$ cat work-v7.cif   # mmCIF, C-alpha atoms and all ligand atoms
data_upload
loop_
_atom_site.label_atom_id
_atom_site.label_comp_id
_atom_site.auth_asym_id
_atom_site.auth_seq_id
_atom_site.Cartn_x
_atom_site.Cartn_y
_atom_site.Cartn_z
CA MET X 1 -10.74 13.09 24.27
CA ARG X 2 -11.69 9.84 22.60
CA PRO X 3 -8.73 7.54 23.13
CA LEU X 4 -8.51 6.21 19.57
CA LEU X 5 -5.30 7.21 17.85
CA ALA X 6 -3.25 6.19 14.82
CA ARG X 7 0.39 6.52 15.68
CA ILE X 8 2.68 6.84 12.65
CA ALA X 9 6.33 6.05 13.25
CA LEU X 10 8.47 7.98 10.78
CA ASP X 11 11.55 6.03 11.86
CA ALA X 12 9.79 2.79 10.88
CA LEU X 13 9.17 4.20 7.39
CA ALA X 14 12.84 5.16 7.13
CA HIS X 15 13.88 1.73 8.42
CA ASN X 16 11.67 -0.10 5.92
CA LEU X 17 13.03 2.03 3.10
CA GLU X 18 16.52 0.92 4.11
CA VAL X 19 15.36 -2.71 3.95
CA ALA X 20 14.05 -2.01 0.45
CA ARG X 21 17.37 -0.35 -0.38
CA ARG X 22 19.30 -3.46 0.62
CA HIS X 23 17.13 -5.60 -1.65
CA ALA X 24 17.18 -3.07 -4.50
CA GLY X 25 20.96 -3.02 -4.84
CA SER X 26 21.80 -0.44 -7.46
CA ALA X 27 18.20 0.00 -8.63
CA SER X 28 16.50 3.30 -7.79
CA ILE X 29 13.49 3.21 -5.48
CA LEU X 30 10.18 4.82 -6.29
CA SER X 31 8.28 4.88 -3.00
CA VAL X 32 4.65 4.22 -3.81
CA ILE X 33 2.60 6.72 -1.81
CA LYS X 34 -0.77 6.47 -3.56
CA ALA X 35 -3.98 6.51 -1.50
CA GLY X 36 -2.56 8.99 0.98
CA ALA X 37 0.51 6.80 1.40
CA TYR X 38 -1.62 3.72 2.12
CA GLY X 39 -3.49 5.66 4.81
CA HIS X 40 -0.37 7.07 6.50
CA GLY X 41 -0.72 10.59 5.07
CA LEU X 42 1.11 11.85 2.00
CA ALA X 43 3.13 14.69 3.57
CA ARG X 44 3.99 12.61 6.62
CA ALA X 45 5.11 9.61 4.57
CA VAL X 46 7.30 11.78 2.42
CA ARG X 47 9.11 12.93 5.56
CA GLY X 48 9.69 9.34 6.68
CA LEU X 49 10.67 8.29 3.16
CA ALA X 50 12.82 11.33 2.45
CA THR X 51 15.72 9.32 1.04
CA SER X 52 13.61 7.75 -1.72
CA ASP X 53 14.89 8.26 -5.24
CA GLY X 54 11.39 9.25 -6.34
CA TYR X 55 7.72 8.78 -5.58
CA ALA X 56 4.79 7.10 -7.31
CA VAL X 57 1.23 8.38 -6.94
CA LEU X 58 -2.12 7.84 -8.60
CA ASN X 59 -3.68 11.29 -8.94
CA ILE X 60 -2.30 14.39 -10.53
CA GLU X 61 -3.49 16.25 -7.41
CA GLU X 62 -1.20 14.11 -5.23
CA ALA X 63 1.68 14.74 -7.62
CA VAL X 64 1.11 18.49 -7.67
CA SER X 65 0.89 18.62 -3.88
CA LEU X 66 4.30 16.93 -3.72
CA ARG X 67 5.74 19.61 -6.01
CA GLN X 68 4.14 22.25 -3.77
CA MET X 69 6.01 20.67 -0.86
CA SER X 70 9.18 21.49 -2.83
CA ILE X 71 9.85 17.84 -3.65
CA GLU X 72 11.99 17.93 -6.75
CA LYS X 73 12.59 14.20 -7.16
CA PRO X 74 11.06 12.17 -9.99
CA ILE X 75 7.33 11.55 -9.58
CA LEU X 76 5.61 8.72 -11.42
CA LEU X 77 1.91 8.99 -12.20
CA LEU X 78 0.87 5.33 -11.95
CA GLU X 79 -2.08 5.38 -14.36
CA GLY X 80 -0.84 8.34 -16.35
CA PRO X 81 -3.04 11.25 -17.36
CA PHE X 82 -6.82 10.74 -17.40
CA ASP X 83 -7.33 13.51 -19.99
CA ALA X 84 -5.33 15.76 -22.33
CA GLU X 85 -5.17 18.55 -19.79
CA GLU X 86 -3.44 16.28 -17.30
CA MET X 87 -0.83 15.51 -19.97
CA HIS X 88 -0.06 19.23 -20.06
CA ALA X 89 0.15 19.25 -16.28
CA CYS X 90 2.71 16.43 -16.50
CA ALA X 91 4.95 18.74 -18.51
CA GLU X 92 4.24 21.74 -16.31
CA PHE X 93 5.06 19.90 -13.08
CA ASN X 94 7.72 17.65 -14.52
CA LEU X 95 5.87 14.40 -13.79
CA MET X 96 6.58 11.05 -15.40
CA PRO X 97 3.31 9.61 -16.71
CA VAL X 98 2.72 5.90 -17.15
CA LEU X 99 1.27 5.46 -20.62
CA HIS X 100 -0.72 2.27 -21.02
CA SER X 101 -3.28 2.91 -23.78
CA PRO X 102 -3.44 4.39 -27.30
CA HIS X 103 -5.66 7.33 -26.34
CA GLN X 104 -2.89 8.59 -24.04
CA LEU X 105 -0.42 8.50 -26.93
CA GLU X 106 -2.68 10.89 -28.85
CA TRP X 107 -2.48 13.34 -25.96
CA LEU X 108 1.25 12.80 -25.81
CA ALA X 109 1.61 13.64 -29.50
CA GLN X 110 0.06 17.05 -28.78
CA ALA X 111 2.34 17.82 -25.86
CA THR X 112 4.77 20.62 -26.53
CA GLU X 113 7.36 20.17 -23.80
CA PRO X 114 9.48 17.03 -23.54
CA LEU X 115 8.42 14.38 -21.02
CA ASP X 116 9.98 11.31 -19.44
CA VAL X 117 7.43 8.54 -19.85
CA PHE X 118 6.97 4.99 -18.59
CA LEU X 119 5.47 2.74 -21.27
CA LYS X 120 3.46 0.03 -19.60
CA PHE X 121 3.10 -3.37 -21.24
CA ASN X 122 0.57 -6.04 -20.41
CA SER X 123 2.57 -9.19 -19.74
CA GLY X 124 -0.41 -11.17 -18.44
CA MET X 125 -2.30 -9.32 -15.74
CA ASN X 126 -4.74 -7.96 -18.34
CA ARG X 127 -5.51 -4.79 -16.47
CA LEU X 128 -3.41 -1.96 -17.92
CA GLY X 129 -0.81 -1.94 -20.65
CA PHE X 130 -0.15 -2.22 -24.36
CA PRO X 131 -0.25 -5.79 -25.71
CA MET X 132 3.15 -7.49 -25.93
CA ALA X 133 2.35 -8.11 -29.61
CA GLU X 134 2.67 -4.36 -30.18
CA PHE X 135 5.86 -4.00 -28.16
CA ASP X 136 8.21 -2.80 -30.90
CA ALA X 137 5.58 -0.74 -32.70
CA VAL X 138 4.58 1.20 -29.59
CA ILE X 139 8.19 1.93 -28.67
CA ALA X 140 9.03 3.05 -32.21
CA HIS X 141 5.95 5.29 -32.30
CA VAL X 142 6.75 6.93 -28.97
CA LYS X 143 10.45 7.30 -29.76
CA ALA X 144 9.53 9.26 -32.86
CA LEU X 145 7.50 11.84 -30.93
CA PRO X 146 9.32 15.14 -30.34
CA SER X 147 7.55 15.47 -26.96
CA VAL X 148 9.38 12.49 -25.46
CA SER X 149 12.78 12.67 -23.86
CA ARG X 150 13.27 9.42 -21.94
CA ILE X 151 11.36 6.14 -22.13
CA THR X 152 11.26 3.52 -19.37
CA LEU X 153 9.64 0.15 -20.02
CA MET X 154 7.28 -1.07 -17.35
CA THR X 155 5.16 -4.07 -16.47
CA HIS X 156 3.28 -5.17 -13.37
CA PHE X 157 3.02 -8.63 -11.77
CA ALA X 158 -0.27 -10.29 -10.90
CA THR X 159 1.08 -13.07 -8.67
CA ALA X 160 4.44 -11.92 -7.29
CA ASP X 161 3.10 -12.55 -3.77
CA GLU X 162 1.72 -16.01 -4.57
CA ASP X 163 3.15 -19.45 -5.26
CA PHE X 164 2.41 -18.94 -8.95
CA GLY X 165 5.28 -16.45 -9.00
CA ILE X 166 6.38 -14.14 -11.79
CA ASP X 167 8.17 -16.35 -14.30
CA TRP X 168 5.21 -16.74 -16.58
CA GLN X 169 5.03 -12.94 -17.01
CA TRP X 170 8.76 -12.29 -16.83
CA GLN X 171 9.51 -14.65 -19.73
CA ARG X 172 7.11 -12.74 -21.95
CA PHE X 173 8.59 -9.38 -21.05
CA ILE X 174 12.25 -9.36 -20.15
CA ALA X 175 14.03 -10.54 -23.31
CA ARG X 176 12.19 -8.00 -25.42
CA ALA X 177 12.67 -5.24 -22.87
CA GLU X 178 16.41 -5.93 -22.72
CA ALA X 179 16.63 -5.96 -26.51
CA ALA X 180 15.07 -2.49 -26.58
CA LYS X 181 17.99 -1.18 -24.48
CA LEU X 182 15.81 1.13 -22.41
CA PRO X 183 15.48 1.44 -18.63
CA ILE X 184 13.12 -1.09 -17.01
CA SER X 185 10.70 -0.97 -14.06
CA ALA X 186 8.93 -4.15 -12.97
CA ALA X 187 9.18 -4.96 -9.26
CA ASN X 188 6.56 -4.21 -6.64
CA SER X 189 7.30 -5.06 -2.97
CA ALA X 190 6.72 -8.80 -3.38
CA ALA X 191 8.93 -9.08 -6.46
CA LEU X 192 11.63 -6.91 -4.88
CA LEU X 193 11.74 -9.19 -1.85
CA ARG X 194 11.49 -12.51 -3.66
CA TYR X 195 12.77 -12.13 -7.23
CA PRO X 196 16.07 -10.21 -7.38
CA GLU X 197 16.20 -10.54 -11.17
CA THR X 198 13.29 -8.07 -11.43
CA ARG X 199 15.08 -5.14 -9.71
CA ARG X 200 16.46 -3.53 -12.87
CA ASP X 201 16.43 0.31 -12.99
CA TRP X 202 13.41 1.44 -10.96
CA VAL X 203 11.62 -0.63 -8.32
CA ARG X 204 8.15 0.40 -7.13
CA ALA X 205 7.98 -0.40 -3.43
CA GLY X 206 4.66 0.09 -1.64
CA ILE X 207 3.33 -2.10 1.14
CA MET X 208 6.72 -3.12 2.52
CA LEU X 209 7.58 0.52 3.26
CA TYR X 210 4.63 0.63 5.63
CA GLY X 211 5.92 -2.44 7.44
CA ALA X 212 3.46 -5.05 6.24
CA SER X 213 4.36 -8.31 4.52
CA PRO X 214 3.10 -8.85 0.98
CA PHE X 215 3.21 -12.63 1.49
CA ALA X 216 0.58 -14.78 3.18
CA GLY X 217 3.08 -17.17 4.74
CA VAL X 218 5.86 -14.76 5.77
CA SER X 219 5.52 -12.19 8.54
CA ALA X 220 6.74 -8.60 8.31
CA GLU X 221 9.05 -9.33 11.21
CA GLN X 222 10.66 -12.21 9.30
CA LEU X 223 11.30 -9.76 6.47
CA GLY X 224 12.91 -7.30 8.89
CA LEU X 225 10.08 -4.77 8.50
CA LYS X 226 8.58 -2.59 11.25
CA PRO X 227 4.93 -1.50 11.27
CA ALA X 228 4.66 2.22 10.56
CA MET X 229 1.04 2.58 11.71
CA THR X 230 -0.23 1.51 15.12
CA LEU X 231 -3.95 1.92 15.61
CA GLN X 232 -4.46 2.11 19.34
CA SER X 233 -7.28 2.84 21.73
CA ARG X 234 -8.47 2.06 25.25
CA ILE X 235 -11.13 0.09 27.09
CA ILE X 236 -14.00 2.48 27.89
CA ALA X 237 -16.51 0.08 29.50
CA LEU X 238 -16.69 -3.38 31.07
CA GLN X 239 -19.40 -6.02 30.99
CA THR X 240 -19.74 -9.45 32.50
CA LEU X 241 -21.83 -11.88 30.49
CA LYS X 242 -23.61 -14.71 32.29
CA PRO X 243 -23.78 -18.06 30.50
CA GLY X 244 -26.43 -17.80 27.81
CA GLU X 245 -26.23 -13.99 27.54
CA ALA X 246 -25.31 -12.50 24.16
CA LEU X 247 -23.54 -9.40 23.01
CA GLY X 248 -23.83 -6.51 20.57
CA TYR X 249 -25.93 -5.92 17.45
CA GLY X 250 -27.64 -9.08 16.31
CA LEU X 251 -26.58 -10.81 19.53
CA THR X 252 -24.21 -12.86 17.39
CA TYR X 253 -21.87 -13.86 20.22
CA MET X 254 -23.37 -15.89 23.07
CA ALA X 255 -21.37 -16.66 26.21
CA ASP X 256 -21.26 -20.33 27.21
CA ALA X 257 -19.57 -19.44 30.50
CA ALA X 258 -19.25 -16.26 32.56
CA THR X 259 -17.26 -13.92 30.30
CA ARG X 260 -15.57 -10.66 31.15
CA VAL X 261 -15.87 -8.28 28.20
CA GLY X 262 -14.15 -4.98 27.47
CA ILE X 263 -15.60 -2.35 25.14
CA ALA X 264 -12.90 -0.64 23.08
CA ALA X 265 -13.31 2.76 21.41
CA CYS X 266 -12.90 1.82 17.74
CA GLY X 267 -15.48 0.84 15.18
CA TYR X 268 -16.11 0.52 11.48
CA ALA X 269 -16.49 4.28 11.08
CA ASP X 270 -12.83 4.46 12.07
CA GLY X 271 -11.79 2.00 9.39
CA TYR X 272 -11.84 -1.18 11.46
CA PRO X 273 -13.47 -3.84 9.25
CA ARG X 274 -17.08 -4.53 10.19
CA HIS X 275 -16.79 -8.02 8.74
CA ALA X 276 -14.06 -8.96 11.27
CA PRO X 277 -15.67 -11.97 12.95
CA THR X 278 -15.60 -13.08 16.58
CA GLY X 279 -12.05 -14.29 17.19
CA THR X 280 -10.21 -11.58 15.28
CA PRO X 281 -6.90 -11.06 17.15
CA ILE X 282 -6.43 -7.88 19.17
CA LEU X 283 -4.05 -6.72 21.89
CA VAL X 284 -5.18 -5.57 25.36
CA ASN X 285 -2.57 -4.55 27.93
CA GLY X 286 0.00 -6.02 25.56
CA LYS X 287 -1.70 -9.44 25.63
CA ARG X 288 -3.33 -11.11 22.67
CA THR X 289 -7.02 -11.75 22.90
CA ARG X 290 -9.96 -11.77 20.49
CA THR X 291 -12.89 -9.62 19.43
CA LEU X 292 -16.38 -10.77 20.32
CA GLY X 293 -19.57 -10.28 18.33
CA ARG X 294 -20.22 -7.64 15.69
CA VAL X 295 -18.10 -4.56 15.26
CA SER X 296 -20.28 -1.44 15.77
CA MET X 297 -19.80 1.96 14.20
CA ASP X 298 -17.80 3.38 17.11
CA MET X 299 -16.99 0.42 19.36
CA LEU X 300 -16.06 -3.20 19.46
CA ALA X 301 -16.01 -5.83 22.19
CA VAL X 302 -13.02 -7.85 23.35
CA ASP X 303 -12.65 -10.94 25.48
CA LEU X 304 -10.98 -10.14 28.83
CA SER X 305 -11.54 -13.59 30.38
CA HIS X 306 -7.82 -14.28 30.44
CA ILE X 307 -6.68 -10.73 31.18
CA PRO X 308 -8.05 -10.10 34.67
CA GLU X 309 -5.75 -7.12 35.21
CA ALA X 310 -7.35 -5.25 32.31
CA GLY X 311 -9.90 -2.58 33.15
CA ILE X 312 -11.14 0.86 32.21
CA GLY X 313 -8.36 2.69 30.40
CA SER X 314 -6.37 -0.41 29.50
CA PRO X 315 -4.53 0.11 26.22
CA VAL X 316 -5.80 -1.70 23.12
CA VAL X 317 -3.85 -2.22 19.91
CA LEU X 318 -6.12 -2.89 16.93
CA TRP X 319 -3.10 -3.33 14.64
CA GLY X 320 0.50 -2.25 14.42
CA GLU X 321 3.20 -2.76 17.02
CA GLY X 322 2.68 -6.19 18.57
CA MET X 323 -0.37 -6.97 16.42
CA PRO X 324 0.53 -7.46 12.74
CA VAL X 325 -2.04 -5.83 10.46
CA GLU X 326 -1.80 -8.84 8.12
CA GLU X 327 -3.17 -11.09 10.86
CA VAL X 328 -6.14 -8.83 11.48
CA ALA X 329 -6.70 -8.58 7.74
CA ARG X 330 -6.59 -12.35 7.29
CA ALA X 331 -9.11 -12.88 10.08
CA ALA X 332 -11.39 -10.34 8.39
CA GLY X 333 -10.99 -11.95 4.96
CA THR X 334 -9.01 -9.12 3.42
CA ILE X 335 -5.44 -7.85 3.02
CA SER X 336 -3.37 -5.37 5.01
CA TYR X 337 -3.52 -2.84 2.15
CA GLU X 338 -7.28 -2.46 2.52
CA LEU X 339 -7.18 -1.94 6.29
CA LEU X 340 -4.38 0.64 6.14
CA CYS X 341 -5.97 2.59 3.27
CA ALA X 342 -9.34 2.61 5.01
CA LEU X 343 -8.17 4.49 8.12
CA ALA X 344 -10.95 7.06 8.52
CA PRO X 345 -10.31 10.81 8.48
CA ARG X 346 -11.94 11.11 11.91
CA VAL X 347 -9.14 9.13 13.56
CA ALA X 348 -6.61 11.40 15.27
CA VAL X 349 -3.08 10.87 14.00
CA ARG X 350 0.08 11.42 15.98
CA GLU X 351 3.45 11.01 14.42
CA SER X 352 6.58 9.98 16.21
CA ALA X 353 10.07 10.57 14.93
C1 LIG J 1 0.46 0.03 -5.98
C2 LIG J 1 1.45 -0.32 -7.01
C3 LIG J 1 2.73 -0.78 -6.67
C4 LIG J 1 3.13 -1.08 -5.23
O1 LIG J 1 2.69 -2.37 -4.89
P1 LIG J 1 3.02 -3.01 -3.45
O2 LIG J 1 2.45 -4.38 -3.54
O3 LIG J 1 2.31 -2.17 -2.45
O4 LIG J 1 4.49 -2.96 -3.29
C5 LIG J 1 3.65 -1.02 -7.67
N1 LIG J 1 3.32 -0.82 -8.98
C6 LIG J 1 2.11 -0.39 -9.35
C7 LIG J 1 1.79 -0.22 -10.79
C8 LIG J 1 1.12 -0.14 -8.39
O5 LIG J 1 -0.09 0.26 -8.77
#
$ encode --input "work-v7.cif" --output "structure tokens"
Amino acid sequence: MRPLLARIALDALAHNLEVARRHAGSASILSVIKAGAYGHGLARAVRGLATSDGYAVLNIEEAVSLRQMSIEKPILLLEGPFDAEEMHACAEFNLMPVLHSPHQLEWLAQATEPLDVFLKFNSGMNRLGFPMAEFDAVIAHVKALPSVSRITLMTHFATADEDFGIDWQWQRFIARAEAAKLPISAANSAALLRYPETRRDWVRAGIMLYGASPFAGVSAEQLGLKPAMTLQSRIIALQTLKPGEALGYGLTYMADAATRVGIAACGYADGYPRHAPTGTPILVNGKRTRTLGRVSMDMLAVDLSHIPEAGIGSPVVLWGEGMPVEEVARAAGTISYELLCALAPRVAVRESA
């Protein structure tokens, strides 16, 4: 069997949820499990995150599959219904839709059964949400609808993970939200970890539950988080480059000295980023080394010059335990979220309790 495997540690998910719990205080935690739980698998993640107070997903299909797994906790639909029929499904499956635009309020007005809704306001990210200028009018309109039982006020931060922070958005939102005397949901992982004032009633924790840091300058370990996914493989071939010999498609890496190279079974068709350049960190036999040359569809090359004991069958960790996914992501010019979500369906998954 091909030695590539994604190991998912359910106890790491549970541990990270407890870290979130400590930060959340008395706020309830919606575990964000969109995109197949950031590549970890919806059903599997729900088992690891069983003590969540609720879940947040993107698609109605994900929400319905949670109900079919007999999950009875609150489920937030992060972009709300995409058509009137999905608004009916929200009532049928007892889902809490995020409502961010006027066309959704028209569908809501036609709903017959009462719904708990999250009203999303645009406090500066300019992606989804009603304008802050319409704050009171939107709330009054929705309050007057017979199809609404509970309203939660929501906003989303654009720079909670960056030096720019959240204050500029928070100042626009919080006084008005408090004056409305309705429950509030604002914090993503970065805000939950860094800005305690944003906890409020419902926090929406995503990336931290999977054991990755939302911050560029702070490691997951420093935050007390454990990686839930370890993408591991083995060395399946060895090469020795003479000085002046090059490697892989495009011959983009040329050896300036004799170089011992290992070929690992993992490529871009598995979700490893093709744009990861020579020098991207990787673990062989538990030792850090670097990738060499271009990532192929099914394989990549690693430098074994300083790991003479490594050979055929030596274990390789692409990311996860011992090799933070954020570091790999940074080397490849992206973020951990993208690497985790891109894990390909062809990769075998094994879960550990
Ligand atoms: C994805 C998402 C989150 C979770 O963000 P993380 O950075 O992964 O914690 C929270 N809120 C909304 C609206 C989202 O779309």
$ residues_around --input "work-v7.cif" --residues "X:Thr159" --least-positions-apart "5" --cutoff "9 Å" --atoms "all atoms listed in the file" --output "NGL selection string"
:X and (125 or 164-166 or 190)
$ closest_residue --input "work-v7.cif" --among "X:Glu72, X:Glu134, X:Glu327, X:Glu79" --to "ligand LIG 1 (chain J)" --atoms "only C-alpha atoms and all ligand atoms"
X:Glu79
$ residues_around --input "work-v7.cif" --residues "X:Thr240" --least-positions-apart "5" --cutoff "10 Å" --atoms "all atoms listed in the file" --output "ChimeraX atom specification"
/X:245,255,258-262,304-305
$ residues_near_ligand --input "work-v7.cif" --ligand "ligand LIG 1 (chain J)" --cutoff "10 Å" --atoms "all atoms listed in the file" --output "ChimeraX atom specification"
/X:30-35,37-38,56-58,76-79,98,120,128,154-158,160-161,185-193,203-210,212-215,336-337
$ residues_around --input "work-v7.cif" --residues "stretch 136-150 of chain X" --least-positions-apart "3" --cutoff "7 Å" --atoms "all atoms listed in the file" --output "list in words"
Leu108, Ala109, Ala111, Thr112, Glu113, Pro114, Leu115, Asp116 and Val117 of chain X
$ write_last_selection --input "work-v7.cif" --atoms "C-alpha atoms" --output "PDB file, in the coordinates of the input"
ATOM      1  CA  LEU X 108       1.250  12.800 -25.810  1.00  0.00           C
ATOM      2  CA  ALA X 109       1.610  13.640 -29.500  1.00  0.00           C
ATOM      3  CA  ALA X 111       2.340  17.820 -25.860  1.00  0.00           C
ATOM      4  CA  THR X 112       4.770  20.620 -26.530  1.00  0.00           C
ATOM      5  CA  GLU X 113       7.360  20.170 -23.800  1.00  0.00           C
ATOM      6  CA  PRO X 114       9.480  17.030 -23.540  1.00  0.00           C
ATOM      7  CA  LEU X 115       8.420  14.380 -21.020  1.00  0.00           C
ATOM      8  CA  ASP X 116       9.980  11.310 -19.440  1.00  0.00           C
ATOM      9  CA  VAL X 117       7.430   8.540 -19.850  1.00  0.00           C
TER      10      VAL X 117
END
$ atom_distance --input "work-v7.cif" --atom1 "atom CA of X:Arg288" --atom2 "atom CA of X:Ile312"
17.2 Å
$ residues_near_point --input "work-v7.cif" --point "(-6.2, -9.5, 8.7)" --cutoff "12 Å" --atoms "only C-alpha atoms" --output "PyMOL selection string"
chain X and resi 212-213+216+272-273+275-277+279-282+318-320+323-340
$ closest_residue --input "work-v7.cif" --among "X:Arg274, X:His15, X:Arg7, X:Arg2" --to "X:Arg44" --atoms "all atoms listed in the file"
X:Arg7
$ residues_near_point --input "work-v7.cif" --point "(-11.4, 4.0, 12.4)" --cutoff "12 Å" --atoms "all atoms listed in the file" --output "number ranges by chain"
X: 2-6, 39, 230-233, 264-274, 295-300, 318-319, 339-349
$ closest_residue --input "work-v7.cif" --among "X:Glu61, X:Asp167, X:Asp83, X:Asp201" --to "X:Ile29" --atoms "all atoms listed in the file"
X:Asp201
$ atom_distance --input "work-v7.cif" --atom1 "atom CA of X:Gln171" --atom2 "atom CA of X:Leu119"
17.9 Å
$ atom_distance --input "work-v7.cif" --atom1 "atom CA of X:Gly217" --atom2 "atom CA of X:Gly293"
27.3 Å
